[in-house]
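See below for data34.pdb, which holds PDB, C-alpha atoms.
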ATOM      1  CA  MET I   1     -12.150  11.052 -12.624  1.00  0.00           C
ATOM      2  CA  LYS I   2     -11.378   8.306 -10.100  1.00  0.00           C
ATOM      3  CA  ILE I   3      -8.490   9.038  -7.737  1.00  0.00           C
ATOM      4  CA  VAL I   4      -6.546   6.103  -6.288  1.00  0.00           C
ATOM      5  CA  VAL I   5      -4.098   6.958  -3.497  1.00  0.00           C
ATOM      6  CA  GLY I   6      -1.531   4.375  -2.425  1.00  0.00           C
ATOM      7  CA  LEU I   7       0.034   4.985   0.986  1.00  0.00           C
ATOM      8  CA  GLY I   8       3.724   4.422   1.621  1.00  0.00           C
ATOM      9  CA  ASN I   9       7.030   6.036   2.519  1.00  0.00           C
ATOM     10  CA  PRO I  10       9.546   7.616   0.102  1.00  0.00           C
ATOM     11  CA  GLY I  11      13.090   6.272   0.019  1.00  0.00           C
ATOM     12  CA  SER I  12      14.681   3.076  -1.232  1.00  0.00           C
ATOM     13  CA  GLN I  13      14.998   1.696   2.313  1.00  0.00           C
ATOM     14  CA  TYR I  14      11.189   1.478   2.506  1.00  0.00           C
ATOM     15  CA  ALA I  15      10.415   0.278  -1.022  1.00  0.00           C
ATOM     16  CA  ALA I  16       9.993  -3.415  -0.134  1.00  0.00           C
ATOM     17  CA  THR I  17       8.478  -2.997   3.339  1.00  0.00           C
ATOM     18  CA  ARG I  18       4.983  -3.986   4.419  1.00  0.00           C
ATOM     19  CA  HIS I  19       4.015  -0.339   4.966  1.00  0.00           C
ATOM     20  CA  ASN I  20       4.527   0.340   1.246  1.00  0.00           C
ATOM     21  CA  VAL I  21       1.945  -2.112  -0.050  1.00  0.00           C
ATOM     22  CA  GLY I  22      -0.243   0.812  -1.122  1.00  0.00           C
ATOM     23  CA  TRP I  23       2.561   2.126  -3.332  1.00  0.00           C
ATOM     24  CA  MET I  24       3.092  -1.366  -4.757  1.00  0.00           C
ATOM     25  CA  VAL I  25      -0.561  -1.591  -5.814  1.00  0.00           C
ATOM     26  CA  VAL I  26      -0.525   1.840  -7.476  1.00  0.00           C
ATOM     27  CA  ASP I  27       2.723   0.973  -9.250  1.00  0.00           C
ATOM     28  CA  ARG I  28       1.161  -2.243 -10.566  1.00  0.00           C
ATOM     29  CA  LEU I  29      -1.828  -0.316 -11.907  1.00  0.00           C
ATOM     30  CA  ALA I  30       0.445   2.240 -13.573  1.00  0.00           C
ATOM     31  CA  GLU I  31       2.424  -0.619 -15.119  1.00  0.00           C
ATOM     32  CA  ARG I  32      -0.754  -2.176 -16.525  1.00  0.00           C
ATOM     33  CA  ALA I  33      -1.781   1.145 -18.022  1.00  0.00           C
ATOM     34  CA  GLY I  34       1.674   1.704 -19.539  1.00  0.00           C
ATOM     35  CA  TRP I  35       2.217   4.759 -17.355  1.00  0.00           C
ATOM     36  CA  SER I  36       5.290   3.603 -15.423  1.00  0.00           C
ATOM     37  CA  GLY I  37       7.847   6.394 -15.138  1.00  0.00           C
ATOM     38  CA  ARG I  38       5.409   9.047 -16.370  1.00  0.00           C
ATOM     39  CA  GLY I  39       4.468  10.412 -12.957  1.00  0.00           C
ATOM     40  CA  ARG I  40       4.941  14.108 -12.147  1.00  0.00           C
ATOM     41  CA  GLN I  41       5.873  15.411  -8.728  1.00  0.00           C
ATOM     42  CA  ARG I  42       3.394  17.991  -7.517  1.00  0.00           C
ATOM     43  CA  ASP I  43       1.313  18.693  -4.422  1.00  0.00           C
ATOM     44  CA  SER I  44       3.797  16.690  -2.310  1.00  0.00           C
ATOM     45  CA  SER I  45       2.958  13.580  -4.360  1.00  0.00           C
ATOM     46  CA  ASN I  46       3.914  11.596  -7.413  1.00  0.00           C
ATOM     47  CA  VAL I  47       0.871  11.817  -9.700  1.00  0.00           C
ATOM     48  CA  VAL I  48       0.044  10.181 -13.018  1.00  0.00           C
ATOM     49  CA  MET I  49      -3.291  10.302 -14.812  1.00  0.00           C
ATOM     50  CA  GLY I  50      -4.939   9.227 -18.025  1.00  0.00           C
ATOM     51  CA  ARG I  51      -7.570   6.993 -19.584  1.00  0.00           C
ATOM     52  CA  TYR I  52      -7.252   3.236 -19.155  1.00  0.00           C
ATOM     53  CA  ARG I  53      -9.772   0.632 -20.337  1.00  0.00           C
ATOM     54  CA  GLY I  54     -12.473   3.271 -20.561  1.00  0.00           C
ATOM     55  CA  LEU I  55     -11.731   4.691 -17.105  1.00  0.00           C
ATOM     56  CA  ASP I  56     -10.416   8.163 -16.293  1.00  0.00           C
ATOM     57  CA  LEU I  57      -7.929   7.500 -13.499  1.00  0.00           C
ATOM     58  CA  THR I  58      -5.451   9.402 -11.356  1.00  0.00           C
ATOM     59  CA  PHE I  59      -2.857   7.441  -9.372  1.00  0.00           C
ATOM     60  CA  VAL I  60      -1.275   9.208  -6.418  1.00  0.00           C
ATOM     61  CA  LYS I  61       1.687   8.295  -4.209  1.00  0.00           C
ATOM     62  CA  PRO I  62       2.130  10.849  -1.395  1.00  0.00           C
ATOM     63  CA  LEU I  63       5.790  11.786  -0.993  1.00  0.00           C
ATOM     64  CA  THR I  64       5.361  12.889   2.593  1.00  0.00           C
ATOM     65  CA  TYR I  65       6.203  10.285   5.184  1.00  0.00           C
ATOM     66  CA  MET I  66       3.269   8.128   6.254  1.00  0.00           C
ATOM     67  CA  ASN I  67       2.286  10.301   9.217  1.00  0.00           C
ATOM     68  CA  ASP I  68       1.623  13.291   6.918  1.00  0.00           C
ATOM     69  CA  SER I  69      -0.215  11.500   4.101  1.00  0.00           C
ATOM     70  CA  GLY I  70      -3.285  13.657   4.642  1.00  0.00           C
ATOM     71  CA  LEU I  71      -1.394  16.855   3.807  1.00  0.00           C
ATOM     72  CA  ALA I  72      -0.540  15.566   0.341  1.00  0.00           C
ATOM     73  CA  LEU I  73      -3.979  14.075  -0.309  1.00  0.00           C
ATOM     74  CA  ARG I  74      -5.784  17.286   0.624  1.00  0.00           C
ATOM     75  CA  LYS I  75      -3.689  19.193  -1.945  1.00  0.00           C
ATOM     76  CA  VAL I  76      -4.457  16.661  -4.687  1.00  0.00           C
ATOM     77  CA  LEU I  77      -8.199  16.710  -4.008  1.00  0.00           C
ATOM     78  CA  ALA I  78      -8.235  20.510  -4.005  1.00  0.00           C
ATOM     79  CA  ARG I  79      -6.393  20.701  -7.343  1.00  0.00           C
ATOM     80  CA  GLU I  80      -8.668  18.136  -8.998  1.00  0.00           C
ATOM     81  CA  HIS I  81     -11.881  19.460  -7.379  1.00  0.00           C
ATOM     82  CA  ALA I  82     -12.687  15.833  -6.696  1.00  0.00           C
ATOM     83  CA  PRO I  83     -15.551  14.690  -4.438  1.00  0.00           C
ATOM     84  CA  LEU I  84     -14.752  12.065  -1.803  1.00  0.00           C
ATOM     85  CA  ALA I  85     -17.040   9.611  -3.614  1.00  0.00           C
ATOM     86  CA  GLU I  86     -14.378   9.424  -6.355  1.00  0.00           C
ATOM     87  CA  LEU I  87     -11.538   8.621  -3.914  1.00  0.00           C
ATOM     88  CA  LEU I  88     -10.039   5.257  -2.943  1.00  0.00           C
ATOM     89  CA  VAL I  89      -7.163   4.963  -0.466  1.00  0.00           C
ATOM     90  CA  VAL I  90      -5.074   1.758  -0.592  1.00  0.00           C
ATOM     91  CA  ALA I  91      -3.270   0.958   2.663  1.00  0.00           C
ATOM     92  CA  ASP I  92      -1.638  -1.906   4.531  1.00  0.00           C
ATOM     93  CA  ASP I  93      -3.377  -3.363   7.595  1.00  0.00           C
ATOM     94  CA  PHE I  94      -1.771  -5.633  10.191  1.00  0.00           C
ATOM     95  CA  ALA I  95      -5.181  -6.454  11.692  1.00  0.00           C
ATOM     96  CA  ILE I  96      -5.886  -8.481   8.539  1.00  0.00           C
ATOM     97  CA  PRO I  97      -4.059 -11.750   7.756  1.00  0.00           C
ATOM     98  CA  PHE I  98      -1.475 -11.614   5.004  1.00  0.00           C
ATOM     99  CA  GLY I  99      -3.091 -12.303   1.643  1.00  0.00           C
ATOM    100  CA  LYS I 100      -6.585 -10.969   2.383  1.00  0.00           C
ATOM    101  CA  LEU I 101      -8.276  -7.823   1.103  1.00  0.00           C
ATOM    102  CA  ARG I 102     -10.964  -5.672   2.707  1.00  0.00           C
ATOM    103  CA  PHE I 103     -12.958  -2.810   1.205  1.00  0.00           C
ATOM    104  CA  ARG I 104     -14.703  -0.328   3.494  1.00  0.00           C
ATOM    105  CA  GLU I 105     -16.788   2.696   2.557  1.00  0.00           C
ATOM    106  CA  ALA I 106     -15.929   4.519   5.806  1.00  0.00           C
ATOM    107  CA  GLY I 107     -14.477   3.866   9.238  1.00  0.00           C
ATOM    108  CA  SER I 108     -11.812   4.782  11.753  1.00  0.00           C
ATOM    109  CA  HIS I 109      -8.071   4.750  11.091  1.00  0.00           C
ATOM    110  CA  GLY I 110      -7.679   1.494  13.052  1.00  0.00           C
ATOM    111  CA  GLY I 111      -4.262   2.566  14.312  1.00  0.00           C
ATOM    112  CA  HIS I 112      -2.876   3.262  10.827  1.00  0.00           C
ATOM    113  CA  ASN I 113      -1.050   6.590  10.955  1.00  0.00           C
ATOM    114  CA  GLY I 114      -1.529   7.323   7.266  1.00  0.00           C
ATOM    115  CA  LEU I 115      -5.294   6.935   7.554  1.00  0.00           C
ATOM    116  CA  ARG I 116      -5.204   8.883  10.809  1.00  0.00           C
ATOM    117  CA  SER I 117      -3.552  11.797   8.990  1.00  0.00           C
ATOM    118  CA  ILE I 118      -6.050  11.654   6.113  1.00  0.00           C
ATOM    119  CA  ILE I 119      -9.051  11.613   8.442  1.00  0.00           C
ATOM    120  CA  GLY I 120      -7.589  14.524  10.375  1.00  0.00           C
ATOM    121  CA  GLU I 121      -6.954  16.618   7.252  1.00  0.00           C
ATOM    122  CA  LEU I 122     -10.268  15.832   5.549  1.00  0.00           C
ATOM    123  CA  GLY I 123     -12.292  16.083   8.752  1.00  0.00           C
ATOM    124  CA  THR I 124     -14.247  12.939   7.901  1.00  0.00           C
ATOM    125  CA  GLU I 125     -13.996   9.149   7.928  1.00  0.00           C
ATOM    126  CA  LYS I 126     -16.377   8.836   4.978  1.00  0.00           C
ATOM    127  CA  PHE I 127     -14.091   7.795   2.152  1.00  0.00           C
ATOM    128  CA  SER I 128     -13.507   4.362   0.618  1.00  0.00           C
ATOM    129  CA  ARG I 129     -10.389   2.419   1.393  1.00  0.00           C
ATOM    130  CA  LEU I 130      -8.929  -0.918   0.316  1.00  0.00           C
ATOM    131  CA  ARG I 131      -6.988  -2.530   3.141  1.00  0.00           C
ATOM    132  CA  VAL I 132      -4.354  -5.095   2.180  1.00  0.00           C
ATOM    133  CA  GLY I 133      -3.507  -7.610   4.886  1.00  0.00           C
ATOM    134  CA  ILE I 134       0.148  -7.711   5.945  1.00  0.00           C
ATOM    135  CA  GLY I 135      -0.250 -10.087   8.890  1.00  0.00           C
ATOM    136  CA  ASP I 136      -0.266  -9.864  12.667  1.00  0.00           C
ATOM    137  CA  PRO I 137       2.874  -8.194  14.074  1.00  0.00           C
ATOM    138  CA  GLY I 138       2.887 -10.472  17.105  1.00  0.00           C
ATOM    139  CA  GLY I 139       5.016  -7.821  18.830  1.00  0.00           C
ATOM    140  CA  GLY I 140       6.061  -4.272  17.989  1.00  0.00           C
ATOM    141  CA  ALA I 141       3.766  -2.826  15.340  1.00  0.00           C
ATOM    142  CA  ILE I 142       6.275  -0.223  14.096  1.00  0.00           C
ATOM    143  CA  ASP I 143       9.031  -2.785  13.565  1.00  0.00           C
ATOM    144  CA  HIS I 144       6.530  -5.022  11.793  1.00  0.00           C
ATOM    145  CA  VAL I 145       5.164  -2.498   9.296  1.00  0.00           C
ATOM    146  CA  LEU I 146       8.669  -1.271   8.460  1.00  0.00           C
ATOM    147  CA  SER I 147       9.994  -4.803   7.934  1.00  0.00           C
ATOM    148  CA  THR I 148      10.214  -6.706   4.660  1.00  0.00           C
ATOM    149  CA  PHE I 149       8.052  -9.709   3.930  1.00  0.00           C
ATOM    150  CA  ALA I 150       8.989 -13.194   5.081  1.00  0.00           C
ATOM    151  CA  PRO I 151      10.075 -15.730   2.420  1.00  0.00           C
ATOM    152  CA  ALA I 152       6.692 -17.499   2.407  1.00  0.00           C
ATOM    153  CA  GLU I 153       5.014 -14.133   1.892  1.00  0.00           C
ATOM    154  CA  ARG I 154       7.427 -12.874  -0.783  1.00  0.00           C
ATOM    155  CA  GLN I 155       6.721 -16.020  -2.775  1.00  0.00           C
ATOM    156  CA  ARG I 156       3.064 -14.931  -3.105  1.00  0.00           C
ATOM    157  CA  LEU I 157       3.363 -11.148  -2.860  1.00  0.00           C
ATOM    158  CA  ASP I 158       3.165 -10.608  -6.614  1.00  0.00           C
ATOM    159  CA  GLU I 159      -0.151 -12.484  -6.725  1.00  0.00           C
ATOM    160  CA  LEU I 160      -1.492 -10.414  -3.834  1.00  0.00           C
ATOM    161  CA  ILE I 161      -0.535  -7.148  -5.524  1.00  0.00           C
ATOM    162  CA  ASP I 162      -2.200  -8.327  -8.739  1.00  0.00           C
ATOM    163  CA  ALA I 163      -5.387  -9.216  -6.849  1.00  0.00           C
ATOM    164  CA  ALA I 164      -5.403  -5.815  -5.131  1.00  0.00           C
ATOM    165  CA  ALA I 165      -4.929  -4.089  -8.502  1.00  0.00           C
ATOM    166  CA  ASP I 166      -7.863  -6.105  -9.878  1.00  0.00           C
ATOM    167  CA  ALA I 167      -9.892  -4.999  -6.858  1.00  0.00           C
ATOM    168  CA  VAL I 168      -9.101  -1.328  -7.542  1.00  0.00           C
ATOM    169  CA  GLU I 169     -10.247  -1.714 -11.144  1.00  0.00           C
ATOM    170  CA  ALA I 170     -13.488  -3.288  -9.924  1.00  0.00           C
ATOM    171  CA  TRP I 171     -14.012  -0.364  -7.542  1.00  0.00           C
ATOM    172  CA  ALA I 172     -13.492   2.145 -10.352  1.00  0.00           C
ATOM    173  CA  ARG I 173     -16.068   0.420 -12.524  1.00  0.00           C
ATOM    174  CA  GLU I 174     -18.652  -0.831 -10.046  1.00  0.00           C
ATOM    175  CA  GLY I 175     -18.245   1.070  -6.793  1.00  0.00           C
ATOM    176  CA  THR I 176     -17.127   0.038  -3.328  1.00  0.00           C
ATOM    177  CA  SER I 177     -20.058  -2.166  -2.373  1.00  0.00           C
ATOM    178  CA  ARG I 178     -19.904  -4.409  -5.441  1.00  0.00           C
ATOM    179  CA  ALA I 179     -16.110  -4.581  -5.338  1.00  0.00           C
ATOM    180  CA  ALA I 180     -16.344  -5.598  -1.668  1.00  0.00           C
ATOM    181  CA  ASN I 181     -18.783  -8.383  -2.498  1.00  0.00           C
ATOM    182  CA  GLN I 182     -16.249  -9.801  -4.930  1.00  0.00           C
ATOM    183  CA  PHE I 183     -12.898  -9.209  -3.235  1.00  0.00           C
ATOM    184  CA  ASN I 184     -13.545  -9.228   0.521  1.00  0.00           C
ATOM    185  CA  LYS I 185     -13.679 -13.022   0.270  1.00  0.00           C
ATOM    186  CA  PHE I 186     -10.426 -13.270  -1.695  1.00  0.00           C
ATOM    187  CA  GLU I 187      -7.876 -15.711  -0.266  1.00  0.00           C
ATOM    188  CA  LEU I 188      -4.314 -16.152  -1.440  1.00  0.00           C
ATOM    189  CA  ARG I 189      -3.057 -19.656  -2.177  1.00  0.00           C
ATOM    190  CA  PRO I 190      -0.904 -21.336   0.515  1.00  0.00           C
ATOM    191  CA  ALA I 191       2.863 -21.013   0.232  1.00  0.00           C
ATOM    192  CA  ASP I 192       4.793 -23.763  -1.543  1.00  0.00           C
ATOM    193  CA  THR I 193       7.105 -24.909   1.248  1.00  0.00           C
ATOM    194  CA  GLU I 194       9.340 -26.795  -1.213  1.00  0.00           C
ATOM    195  CA  ARG I 195      10.304 -23.472  -2.839  1.00  0.00           C
ATOM    196  CA  LEU I 196      11.277 -21.717   0.390  1.00  0.00           C
ATOM    197  CA  ALA I 197      14.874 -21.092   1.409  1.00  0.00           C
ATOM    198  CA  PRO I 198      15.881 -22.144   4.935  1.00  0.00           C
ATOM    199  CA  ALA I 199      14.673 -19.686   7.553  1.00  0.00           C
ATOM    200  CA  GLY I 200      17.116 -16.829   8.035  1.00  0.00           C
ATOM    201  CA  ASP I 201      19.168 -17.796   4.968  1.00  0.00           C
ATOM    202  CA  VAL I 202      18.513 -14.727   2.822  1.00  0.00           C
ATOM    203  CA  ASP I 203      16.606 -11.532   3.585  1.00  0.00           C
ATOM    204  CA  GLY I 204      15.805 -12.641   7.101  1.00  0.00           C
ATOM    205  CA  PRO I 205      15.477 -10.265  10.035  1.00  0.00           C
ATOM    206  CA  PRO I 206      18.562  -8.228  10.963  1.00  0.00           C
ATOM    207  CA  GLY I 207      20.794  -9.501  13.750  1.00  0.00           C
ATOM    208  CA  PRO I 208      21.527  -7.680  17.011  1.00  0.00           C
ATOM    209  CA  ASP I 209      24.071  -5.523  15.164  1.00  0.00           C
ATOM    210  CA  GLY I 210      21.434  -4.363  12.658  1.00  0.00           C
ATOM    211  CA  VAL I 211      22.961  -6.306   9.750  1.00  0.00           C
ATOM    212  CA  ARG I 212      20.855  -8.454   7.405  1.00  0.00           C
ATOM    213  CA  ARG I 213      22.045 -10.918   4.777  1.00  0.00           C
ATOM    214  CA  THR I 214      20.619 -10.065   1.333  1.00  0.00           C
ATOM    215  CA  ARG I 215      21.043 -11.636  -2.091  1.00  0.00           C
ATOM    216  CA  THR I 216      23.783  -9.132  -2.899  1.00  0.00           C
ATOM    217  CA  GLY I 217      25.707  -9.303   0.371  1.00  0.00           C
ATOM    218  CA  TRP I 218      25.446  -8.128   3.948  1.00  0.00           C
ATOM    219  CA  ARG I 219      23.598  -4.844   4.538  1.00  0.00           C
ATOM    220  CA  ARG I 220      23.182  -2.683   7.633  1.00  0.00           C
ATOM    221  CA  ILE I 221      19.537  -1.706   8.134  1.00  0.00           C
ATOM    222  CA  ARG I 222      19.044   2.056   8.310  1.00  0.00           C
ATOM    223  CA  PRO I 223      16.891   3.434  11.138  1.00  0.00           C
ATOM    224  CA  ALA I 224      13.424   4.605  10.208  1.00  0.00           C
ATOM    225  CA  GLU I 225      12.888   8.254   9.346  1.00  0.00           C
ATOM    226  CA  PRO I 226      10.609  10.240  11.690  1.00  0.00           C
ATOM    227  CA  GLY I 227       7.014   9.906  10.526  1.00  0.00           C
ATOM    228  CA  ALA I 228       7.622   6.778   8.469  1.00  0.00           C
ATOM    229  CA  SER I 229       5.378   4.589  10.590  1.00  0.00           C
TER
END

Let me see the structure of the file written as structure tokens.
Amino acid sequence: MKIVVGLGNPGSQYAATRHNVGWMVVDRLAERAGWSGRGRQRDSSNVVMGRYRGLDLTFVKPLTYMNDSGLALRKVLAREHAPLAELLVVADDFAIPFGKLRFREAGSHGGHNGLRSIIGELGTEKFSRLRVGIGDPGGGAIDHVLSTFAPAERQRLDELIDAAADAVEAWAREGTSRAANQFNKFELRPADTERLAPAGDVDGPPGPDGVRRTRTGWRRIRPAEPGAS
């Protein structure tokens, strides 16, 4: 049984943020397998499992906030009696340009609080992870990871999530090293500037009063929950 854990934060206010890329990838995989909406809540996670294209897979979305991801993952691994060799964690990474993917078989948390929690709970850095590039924050890291994607990024986000889902399938079939050889050189196509709305027109950053224009009207941005970053 291969266990794929996508990191993110619960709550609709986080659903489209950069920090929830891991959830987006797991959701795409569940959609491909026809398992959307079939997840069960247990062990502080949303879990769905089954057989897909000859693979026995478990998809996990921790329902703790990001800072406590390790608590949920430890419970899932204990229930499934799964060795770390069968685990892949999918997480965002602002040290990687938007649109790039990076597999690693081990390593430090790199400042990612979800990975920090997992390493702390498991007591080891020796587990595979797929890092999905969300771009350089250029300023405050917390504000960046909890922000939504820019228009040029949203235009290509679906393709990035598909590529990451393909990468997870490759990992499940061939292992981390071979999947890395294939996907660590992946590059997303450039944005089509003719399709972009004027900067700040829709879904831009919130103004000084915390209000952002969206496609359905003006919305006040809720403050982040403790532990979300």

I'd like the residues picked by the PyMOL selection byres ((chain I and resi 106-108) around 8) written out as a list in words, using the chain letters and numbers from the file.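 Evaluating the PyMOL selection byres ((chain I and resi 106-108) around 8) on this file yields Arg104, Glu105, His109, Gly110, Arg116, Glu125, Lys126, Phe127, Ser128 and Arg129 of chain I.
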
Under the PyMOL selection byres ((chain I and resi 188) around 9), which residues of this model are included? Write them out as a PyMOL selection string. chain I and resi 98-100+156+159-160+163+186-187+189-191

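For the atom pair formed by CA of Leu157 (chain I) and CA of Lys2 (chain I), the distance is 25.5 Å, given to one decimal.
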
I'd like the interatomic distance between CA of Ala95 (chain I) and CA of Pro151 (chain I), to a tenth of an Å.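 According to the coordinates, CA of Ala95 (chain I) and CA of Pro151 (chain I) are separated by 20.1 Å.
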
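The spacing separating CA of Leu63 (chain I) from CA of Asp136 (chain I) amounts to 26.3 Å.
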
Need the shell around Gly37 (chain I): protein/DNA/RNA residues with any atom at most 12 Å away, counting only C-alpha atoms. Skip same-chain ones fewer than 6 positions apart. Format as a list of chain:residue names?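 Skipping anything fewer than 6 positions along the chain leaves I:Asp27, I:Arg28, I:Ala30, I:Glu31, I:Asn46, I:Val47, I:Val48, I:Met49.
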